[in-house]
Amino acid sequence: MPSPHDDRPPPESFLAGARGEEQAGAGRLKIFLGASPGVGKTFAMIEEARVRQRAGRDVVVALVETHGRAETAALLDTLEQLPRRQVDYRGQVLSELDVDALLARRPAIALIDELAHTNAPGSRHPKRWQDVVEVLDAGIDVVTTLNIQHVESLNDVVARITGVRVQETVPDQILQRADQIELIDLPPEELIKRLEDGKVYVPQQIGRALDNFFGKGKLTALRELALRTAASRVDAEMLDWMQAHAVKGPWPAEERLLVCINEAPVARSLVRAGKRMAERARLPWIVATVLTPRHEALPSDARAVTTEALRLAESLGAETVVLRAETDAAGEILRYARQRNVSRLVIGRPRSQRSWWQRLVGAFREPVADRLLDDATDFEITVVTPHARVERRKAVADPWLQGPWQGYATACGAIVVATMLALPISIWDAVPGGAISAIYLIAVLMVGARWGLGPSLAAGALGSVAYNFFYTPPYYSLHINRSEDVVSILVYLLGALFTGTLAGRLKAQVEAMRAAQRRTETLYDFARKIASATQTDDVLWAAAFHIAATLDCQSLILMPDAAGALQQVQGHPTIAELDARAEGAARWAFEKNEPAGAGTATLPMAEWLFVPLATASSILGVIGVRFRDRQRGLDPETRRLLLAVEDQVAVAVERTRLAGELANARVSAEGEKLRGALLNSVSHDLRTPLVTVIGAVSSLAETDGVLGAADRRELTMTALDEARRLDRYVQNLLDMTRLGHGALAPKRAAVDLREILGVVRTDLERVLARHRLVIETPRDLPPLHVDPVLIGQAIANIVENAAKYAPAGTSITIAARADGAMAEIAVTDEGPGIPEAERERVFDLFHRVAEGDSRPAGTGLGLSIVRGLVEAHGGTARAEAGPGGRGAAIVIRLPFAPACSDLSE
């Protein structure tokens, strides 16, 4: 945690600088902002352009609306103007900004009037501000104009002021992107006079304008909005500069109010007083509290004071902040106040009446209010004195002095042990008397390190009594006769007080560090689990466990079923039964997308707190938590942590759902692809041979005695060949179906490869008529252990595929060799070959169909069936380049018959 004297800029300033570097190549945007039309924005913009043009800059008027004002049009004569794009819309010709012409011209500066304008239908972008963003992204500086009523975040406010809902708005991020905003201001009286003189609108529109925007009261309110918007922008720029340069501040440019609260009963009164001050002065205000290790030991009713005050501040519109510090709460408040450029602090009056225990401990810890009064010399401080009745309320006991009874029992036991250990040392004259007090100090230190400040102080007090009773004369008496013994006991008491205080603080800090470490480890584990989870149930289980472990509560996750009823899908430690109030709160949170239940304004008596599990697009369900410590559930920091976890869970659930939908979409797309390919095969590749067969047979039937014997034989062979080709296509489809359902069972036998190749040559005689088939098989090649019909079909598919792609007159070679217990058969052609990236994909279903209609006819099933048939025999199939890199080679490996494979090895 940064110290109050740390001069380094905060990390946020570096992030802002990084975002600025990301937009370094974009153009700069300047906006002339006005309270209403007619204040002179366009006139000021043109004057700015003329000044820059005289300075040597390349300035182009992309679009400026003169609204018929002659003096405005006269100013444009010296500036280059781009032609406008003409758009025909419902019989009218509209002129719009020509973005393409502007990007082609590419000036240094472009003037684009009326940023909030809605473009004509058919334009590239529906809004002109989107055109401006595109121009800026192209590296062109833009100067534009905007009225305050067109700012998106002020749309409701303007509607209440004027009674008119403005439809053309500009997102606030466009104003945030602007490098410079210049306010053009004009008093309402002068603006109304300009309107009546016809210098704003044409005469027909003057009456309507006076009824809408141009009343004095409305103009004054709009003017205030414009002034506040400009001031807010300037203030944000100042804060960014102060943080980037580590300026401590505060700079009293715009006042901010910071209300400092703690567990004191005056906390709620401070919040109400801060609200009244901020409302009277119209200031932004912040309510802050600082948590130190000592606050972790506070009882629940004390923590409830701070929690209720923070909730009250949120309901009153304040920004609430929970700061953390080890010991210096006042220093942390001052550091934060300077960082946020706060000018006024509101604190409670320091308690003048404290118990003697608190006064004793207060000697080592100065009250926060006193520190602020002493150190906050550069702030205006308001001290709020609570009502007398509140002042008389019982003060909250100091948590440092509280502890379980086991701690005080341990303190008594430790002093007894120390007394017994000191007994033999007291008999030894060579040991100085201070050694005995050191033993008691060690006991105090051990008790404080284990049980905290209260038991350690008790151990110190008991130790002083035991020391006096047993080891100072007169022995076994509490009387002290020697002055040196008085000094020894006082020194011991002071040492015990310091030792106990330091040990107690050390224990509290160690416990806080352990808690932070546990939370960090839990967060890391949660982030890792939801990042690796691929199923929604895994994400929801990780979320339920993480919420319960981090917030020390019971957690539930409810999501709607098919009928829309909320059902418990996960819970930790177990899924619990919900009563009617809890179910009503869960339903409300789901339907209204708002938290409900304990600690909210909706069904606050319910034991469960429900927050919606939602993304920007939909509500996925609700998360329910039931805190063991009800007051902790009301803590705004705990609520913010719960909402942060909820956001992560919603995003993770949405991610898993989108991943599932994407997988289903891919499956559907592949199914559509296969369906289209199959339809193409049936409609084209199967229909083509069928049409040929029908044509040949029809010719034979209709030409009795006309055709000669040779012609009749030719038609008969053509019909026969096409029928065989059709039979192979149908057989391929049937085999593919059988392979897909696992219904293909090869009938294996010991078969000579040459017999299979002989059948293939005969079946493909007409297919191979334009090629030379070369068979290279060793005579001593052992027989294969395969189904001859299926493997014959596989090899025929490979050869037929080679014949389709290899040029006429080339050779197709079938070469076989023994490779251990397998036979390697390669079918090589001299065609165009298969690209390396496609060699695995050629075995996919219908792969060739996706490559276009210019390829030879075929279903794209051949090689896919080859791989299926070969793998059904325990073999493999792969595609390679042909010898010398020419052509393609399909290589299959098949097993030898068992007895023969033993011989081949």
# chains A, B, ... in the order shown; residues from 1 in each chain; ligands from 1
>>> residues_around(residues="A:Val135", least_positions_apart="6", cutoff="9 Å", atoms="only C-alpha atoms", output="number ranges by chain")
A: 26-27, 99, 102-103, 110, 141-142
>>> write_last_selection(atoms="N, CA and C atoms", output="mmCIF file, in the first residue's frame")
data_model
loop_
_atom_site.group_PDB
_atom_site.id
_atom_site.type_symbol
_atom_site.label_atom_id
_atom_site.label_comp_id
_atom_site.auth_asym_id
_atom_site.auth_seq_id
_atom_site.Cartn_x
_atom_site.Cartn_y
_atom_site.Cartn_z
ATOM 1 N N ALA A 26 -4.399 8.199 -34.242
ATOM 2 C CA ALA A 26 -5.697 8.750 -34.624
ATOM 3 C C ALA A 26 -5.640 10.272 -34.641
ATOM 4 N N GLY A 27 -6.623 10.851 -35.333
ATOM 5 C CA GLY A 27 -6.699 12.307 -35.391
ATOM 6 C C GLY A 27 -7.193 12.892 -34.080
ATOM 7 N N VAL A 99 -17.955 10.774 -46.876
ATOM 8 C CA VAL A 99 -16.812 10.273 -46.109
ATOM 9 C C VAL A 99 -15.705 9.785 -47.048
ATOM 10 N N LEU A 102 -13.751 12.622 -48.450
ATOM 11 C CA LEU A 102 -12.904 13.222 -47.417
ATOM 12 C C LEU A 102 -11.674 12.363 -47.159
ATOM 13 N N LEU A 103 -11.860 11.037 -47.078
ATOM 14 C CA LEU A 103 -10.714 10.159 -46.858
ATOM 15 C C LEU A 103 -9.763 10.179 -48.043
ATOM 16 N N ALA A 110 -10.406 18.693 -40.782
ATOM 17 C CA ALA A 110 -11.706 18.680 -41.453
ATOM 18 C C ALA A 110 -12.748 19.309 -40.547
ATOM 19 N N ASP A 141 -7.571 15.230 -38.264
ATOM 20 C CA ASP A 141 -8.127 16.024 -37.170
ATOM 21 C C ASP A 141 -9.513 16.538 -37.562
ATOM 22 N N VAL A 142 -10.421 16.572 -36.593
ATOM 23 C CA VAL A 142 -11.800 16.986 -36.850
ATOM 24 C C VAL A 142 -12.176 18.090 -35.866
#
>>> residues_around(residues="A:Ser699", least_positions_apart="2", cutoff="12 Å", atoms="only C-alpha atoms", output="list of chain:residue names")
A:Thr692, A:Val693, A:Ile694, A:Gly695, A:Ala696, A:Val697, A:Ala701, A:Glu702, A:Thr703, A:Asp704, A:Gly705, A:Val706, A:Leu707, A:Asp711, A:Arg712, A:Arg713, A:Glu714, A:Leu715, A:Thr716, A:Thr718, A:Ala719
>>> residues_around(residues="A:Ile530", least_positions_apart="5", cutoff="7 Å", atoms="only C-alpha atoms", output="list in words")
Val539, Ala542 and Ala652 of chain A
>>> atom_distance(atom1="atom CA of A:Arg754", atom2="atom CA of A:Gly792")
10.6 Å
>>> residues_around(residues="stretch 166-176 of chain A", least_positions_apart="2", cutoff="6 Å", atoms="only C-alpha atoms", output="number ranges by chain")
A: 116, 150-152, 178
>>> write_last_selection(atoms="C-alpha atoms", output="compact mmCIF listing (two decimals), in the first residue's frame")
# COMPACT_ATOMS: atom_id res chain seq x y z
CA ALA A 116 -25.42 14.56 -33.47
CA HIS A 150 -27.63 15.95 -27.58
CA VAL A 151 -25.40 14.38 -24.89
CA GLU A 152 -26.72 10.88 -24.19
CA ALA A 178 -12.35 14.68 -27.51
>>> closest_residue(among="A:Met513, A:Ala659, A:Met277, A:Ala596", to="A:Ala325", atoms="only C-alpha atoms")
A:Met513
>>> residues_around(residues="stretch 794-800 of chain A", least_positions_apart="6", cutoff="7 Å", atoms="only C-alpha atoms", output="PyMOL selection string")
chain A and resi 760+767+827+862-863+866+869
>>> write_last_selection(atoms="N, CA and C atoms", output="short mmCIF file (atom, residue, chain, number, x, y, z; two decimals), in the first residue's frame")
data_model
loop_
_atom_site.label_atom_id
_atom_site.label_comp_id
_atom_site.auth_asym_id
_atom_site.auth_seq_id
_atom_site.Cartn_x
_atom_site.Cartn_y
_atom_site.Cartn_z
N VAL A 760 -9.39 -56.15 -60.72
CA VAL A 760 -9.47 -54.69 -60.85
C VAL A 760 -9.24 -54.27 -62.29
N VAL A 767 -12.35 -47.68 -68.19
CA VAL A 767 -11.83 -46.51 -67.48
C VAL A 767 -10.36 -46.31 -67.79
N VAL A 827 -0.22 -46.84 -55.40
CA VAL A 827 -0.79 -46.56 -56.72
C VAL A 827 -0.36 -45.15 -57.09
N GLY A 862 -14.71 -41.85 -52.86
CA GLY A 862 -13.79 -42.95 -53.17
C GLY A 862 -12.69 -43.14 -52.16
N LEU A 863 -11.86 -42.12 -51.93
CA LEU A 863 -10.73 -42.27 -51.02
C LEU A 863 -11.17 -42.39 -49.58
N VAL A 866 -11.86 -45.91 -49.24
CA VAL A 866 -10.59 -46.64 -49.24
C VAL A 866 -10.02 -46.71 -47.83
N LEU A 869 -12.19 -49.01 -45.60
CA LEU A 869 -12.02 -50.44 -45.89
C LEU A 869 -10.67 -50.95 -45.43
#
>>> residues_around(residues="A:Phe469", least_positions_apart="3", cutoff="12 Å", atoms="only C-alpha atoms", output="PyMOL selection string")
chain A and resi 419+462-466+472-480+485+489
>>> write_last_selection(atoms="C-alpha atoms", output="tab-separated table (two decimals), in the first residue's frame")
chain	number	residue	atom	x	y	z
A	419	THR	CA	7.27	-18.12	38.07
A	462	LEU	CA	-0.14	-10.74	36.71
A	463	GLY	CA	3.57	-11.00	36.05
A	464	SER	CA	4.25	-7.77	37.97
A	465	VAL	CA	2.25	-9.10	40.95
A	466	ALA	CA	4.04	-12.47	40.86
A	472	THR	CA	11.30	-8.95	45.88
A	473	PRO	CA	11.81	-8.63	49.65
A	474	PRO	CA	9.88	-8.96	51.83
A	475	TYR	CA	9.10	-12.26	50.08
A	476	TYR	CA	5.56	-13.58	49.82
A	477	SER	CA	4.22	-10.09	50.34
A	478	LEU	CA	3.11	-7.26	48.06
A	479	HIS	CA	5.02	-4.68	50.09
A	480	ILE	CA	8.13	-3.14	48.54
A	485	ASP	CA	12.68	-2.96	43.37
A	489	ILE	CA	8.79	-3.40	38.64
>>> closest_residue(among="A:Thr145, A:Thr499, A:Thr72, A:Ser668", to="A:Lys30", atoms="only C-alpha atoms")
A:Thr145
>>> residues_around(residues="stretch 255-270 of chain A", least_positions_apart="5", cutoff="8 Å", atoms="only C-alpha atoms", output="PyMOL selection string")
chain A and resi 278+283-290+302-306+308-309+312+333+337+341-348+384+386+390-391+393+395-396
>>> write_last_selection(atoms="C-alpha atoms", output="mmCIF file, in the first residue's frame")
data_model
loop_
_atom_site.group_PDB
_atom_site.id
_atom_site.type_symbol
_atom_site.label_atom_id
_atom_site.label_comp_id
_atom_site.auth_asym_id
_atom_site.auth_seq_id
_atom_site.Cartn_x
_atom_site.Cartn_y
_atom_site.Cartn_z
ATOM 1 C CA ALA A 278 -22.983 18.587 -0.491
ATOM 2 C CA LEU A 283 -20.632 19.263 -4.530
ATOM 3 C CA PRO A 284 -19.687 15.702 -5.389
ATOM 4 C CA TRP A 285 -19.190 13.846 -2.108
ATOM 5 C CA ILE A 286 -17.476 10.697 -0.943
ATOM 6 C CA VAL A 287 -17.903 8.666 2.239
ATOM 7 C CA ALA A 288 -14.794 6.728 3.279
ATOM 8 C CA THR A 289 -13.793 4.429 6.108
ATOM 9 C CA VAL A 290 -10.421 2.853 6.848
ATOM 10 C CA ALA A 302 -19.614 -2.276 16.205
ATOM 11 C CA ARG A 303 -19.042 -3.321 12.598
ATOM 12 C CA ALA A 304 -22.750 -2.878 11.967
ATOM 13 C CA VAL A 305 -22.415 0.854 12.732
ATOM 14 C CA THR A 306 -19.983 1.347 9.841
ATOM 15 C CA GLU A 308 -25.224 0.859 8.111
ATOM 16 C CA ALA A 309 -23.545 4.230 7.622
ATOM 17 C CA LEU A 312 -27.070 5.046 4.126
ATOM 18 C CA ILE A 333 -7.337 9.119 4.483
ATOM 19 C CA ALA A 337 -8.078 12.812 -0.253
ATOM 20 C CA ASN A 341 -8.347 16.324 -5.078
ATOM 21 C CA VAL A 342 -10.733 16.618 -2.128
ATOM 22 C CA SER A 343 -11.002 20.106 -0.670
ATOM 23 C CA ARG A 344 -13.213 19.581 2.409
ATOM 24 C CA LEU A 345 -13.117 16.914 5.109
ATOM 25 C CA VAL A 346 -16.012 16.131 7.447
ATOM 26 C CA ILE A 347 -15.054 14.317 10.657
ATOM 27 C CA GLY A 348 -16.684 13.571 13.989
ATOM 28 C CA VAL A 384 -19.540 17.550 13.435
ATOM 29 C CA PRO A 386 -23.217 14.673 17.645
ATOM 30 C CA VAL A 390 -25.910 10.075 20.953
ATOM 31 C CA GLU A 391 -22.831 11.244 22.835
ATOM 32 C CA ARG A 393 -24.301 6.150 24.244
ATOM 33 C CA ALA A 395 -18.631 3.742 23.820
ATOM 34 C CA VAL A 396 -17.494 0.836 21.704
#
>>> decode(residues="stretch 310-338 of chain A", atoms="N, CA and C atoms", output="mmCIF file, in the first residue's frame")
data_model
loop_
_atom_site.group_PDB
_atom_site.id
_atom_site.type_symbol
_atom_site.label_atom_id
_atom_site.label_comp_id
_atom_site.auth_asym_id
_atom_site.auth_seq_id
_atom_site.Cartn_x
_atom_site.Cartn_y
_atom_site.Cartn_z
ATOM 1 N N LEU A 310 -22.430 3.224 5.689
ATOM 2 C CA LEU A 310 -22.068 3.135 4.276
ATOM 3 C C LEU A 310 -23.301 2.878 3.415
ATOM 4 N N ARG A 311 -24.202 2.031 3.886
ATOM 5 C CA ARG A 311 -25.432 1.791 3.125
ATOM 6 C C ARG A 311 -26.279 3.047 3.042
ATOM 7 N N LEU A 312 -26.333 3.790 4.141
ATOM 8 C CA LEU A 312 -27.070 5.046 4.126
ATOM 9 C C LEU A 312 -26.453 6.018 3.120
ATOM 10 N N ALA A 313 -25.120 6.076 3.078
ATOM 11 C CA ALA A 313 -24.448 6.970 2.130
ATOM 12 C C ALA A 313 -24.765 6.584 0.694
ATOM 13 N N GLU A 314 -24.764 5.280 0.388
ATOM 14 C CA GLU A 314 -25.097 4.837 -0.968
ATOM 15 C C GLU A 314 -26.526 5.224 -1.334
ATOM 16 N N SER A 315 -27.445 5.058 -0.386
ATOM 17 C CA SER A 315 -28.839 5.411 -0.675
ATOM 18 C C SER A 315 -29.019 6.905 -0.877
ATOM 19 N N LEU A 316 -28.138 7.715 -0.287
ATOM 20 C CA LEU A 316 -28.224 9.162 -0.443
ATOM 21 C C LEU A 316 -27.434 9.671 -1.644
ATOM 22 N N GLY A 317 -26.821 8.776 -2.399
ATOM 23 C CA GLY A 317 -26.147 9.170 -3.630
ATOM 24 C C GLY A 317 -24.668 9.427 -3.504
ATOM 25 N N ALA A 318 -24.051 9.024 -2.392
ATOM 26 C CA ALA A 318 -22.620 9.259 -2.218
ATOM 27 C C ALA A 318 -21.814 8.132 -2.857
ATOM 28 N N GLU A 319 -20.578 8.422 -3.167
ATOM 29 C CA GLU A 319 -19.627 7.393 -3.559
ATOM 30 C C GLU A 319 -18.978 6.852 -2.289
ATOM 31 N N THR A 320 -19.054 5.546 -2.080
ATOM 32 C CA THR A 320 -18.507 4.944 -0.863
ATOM 33 C C THR A 320 -17.191 4.252 -1.174
ATOM 34 N N VAL A 321 -16.247 4.388 -0.254
ATOM 35 C CA VAL A 321 -14.910 3.828 -0.436
ATOM 36 C C VAL A 321 -14.493 3.172 0.875
ATOM 37 N N VAL A 322 -13.947 1.962 0.788
ATOM 38 C CA VAL A 322 -13.373 1.271 1.942
ATOM 39 C C VAL A 322 -11.872 1.190 1.719
ATOM 40 N N LEU A 323 -11.112 1.910 2.540
ATOM 41 C CA LEU A 323 -9.659 1.928 2.452
ATOM 42 C C LEU A 323 -9.071 0.955 3.460
ATOM 43 N N ARG A 324 -7.826 0.574 3.275
ATOM 44 C CA ARG A 324 -7.151 -0.354 4.176
ATOM 45 C C ARG A 324 -5.782 0.193 4.535
ATOM 46 N N ALA A 325 -5.423 0.024 5.789
ATOM 47 C CA ALA A 325 -4.119 0.451 6.282
ATOM 48 C C ALA A 325 -3.720 -0.466 7.421
ATOM 49 N N GLU A 326 -2.433 -0.543 7.690
ATOM 50 C CA GLU A 326 -1.963 -1.383 8.793
ATOM 51 C C GLU A 326 -2.210 -0.697 10.131
ATOM 52 N N THR A 327 -1.730 0.541 10.263
ATOM 53 C CA THR A 327 -1.926 1.277 11.524
ATOM 54 C C THR A 327 -2.328 2.723 11.289
ATOM 55 N N ASP A 328 -1.783 3.352 10.255
ATOM 56 C CA ASP A 328 -1.952 4.788 10.062
ATOM 57 C C ASP A 328 -3.220 5.069 9.258
ATOM 58 N N ALA A 329 -4.375 5.036 9.917
ATOM 59 C CA ALA A 329 -5.639 5.297 9.232
ATOM 60 C C ALA A 329 -5.721 6.740 8.764
ATOM 61 N N ALA A 330 -5.251 7.685 9.587
ATOM 62 C CA ALA A 330 -5.306 9.099 9.206
ATOM 63 C C ALA A 330 -4.445 9.358 7.982
ATOM 64 N N GLY A 331 -3.269 8.769 7.931
ATOM 65 C CA GLY A 331 -2.410 8.955 6.762
ATOM 66 C C GLY A 331 -3.024 8.407 5.494
ATOM 67 N N GLU A 332 -3.732 7.271 5.595
ATOM 68 C CA GLU A 332 -4.389 6.696 4.425
ATOM 69 C C GLU A 332 -5.519 7.594 3.939
ATOM 70 N N ILE A 333 -6.267 8.194 4.867
ATOM 71 C CA ILE A 333 -7.337 9.119 4.483
ATOM 72 C C ILE A 333 -6.765 10.334 3.766
ATOM 73 N N LEU A 334 -5.686 10.900 4.287
ATOM 74 C CA LEU A 334 -5.086 12.079 3.655
ATOM 75 C C LEU A 334 -4.524 11.734 2.283
ATOM 76 N N ARG A 335 -3.917 10.558 2.160
ATOM 77 C CA ARG A 335 -3.383 10.161 0.852
ATOM 78 C C ARG A 335 -4.492 10.054 -0.176
ATOM 79 N N TYR A 336 -5.603 9.412 0.215
ATOM 80 C CA TYR A 336 -6.722 9.268 -0.709
ATOM 81 C C TYR A 336 -7.353 10.618 -1.030
ATOM 82 N N ALA A 337 -7.471 11.494 -0.028
ATOM 83 C CA ALA A 337 -8.078 12.812 -0.253
ATOM 84 C C ALA A 337 -7.253 13.624 -1.236
ATOM 85 N N ARG A 338 -5.940 13.553 -1.120
ATOM 86 C CA ARG A 338 -5.089 14.295 -2.061
ATOM 87 C C ARG A 338 -5.157 13.684 -3.455
#
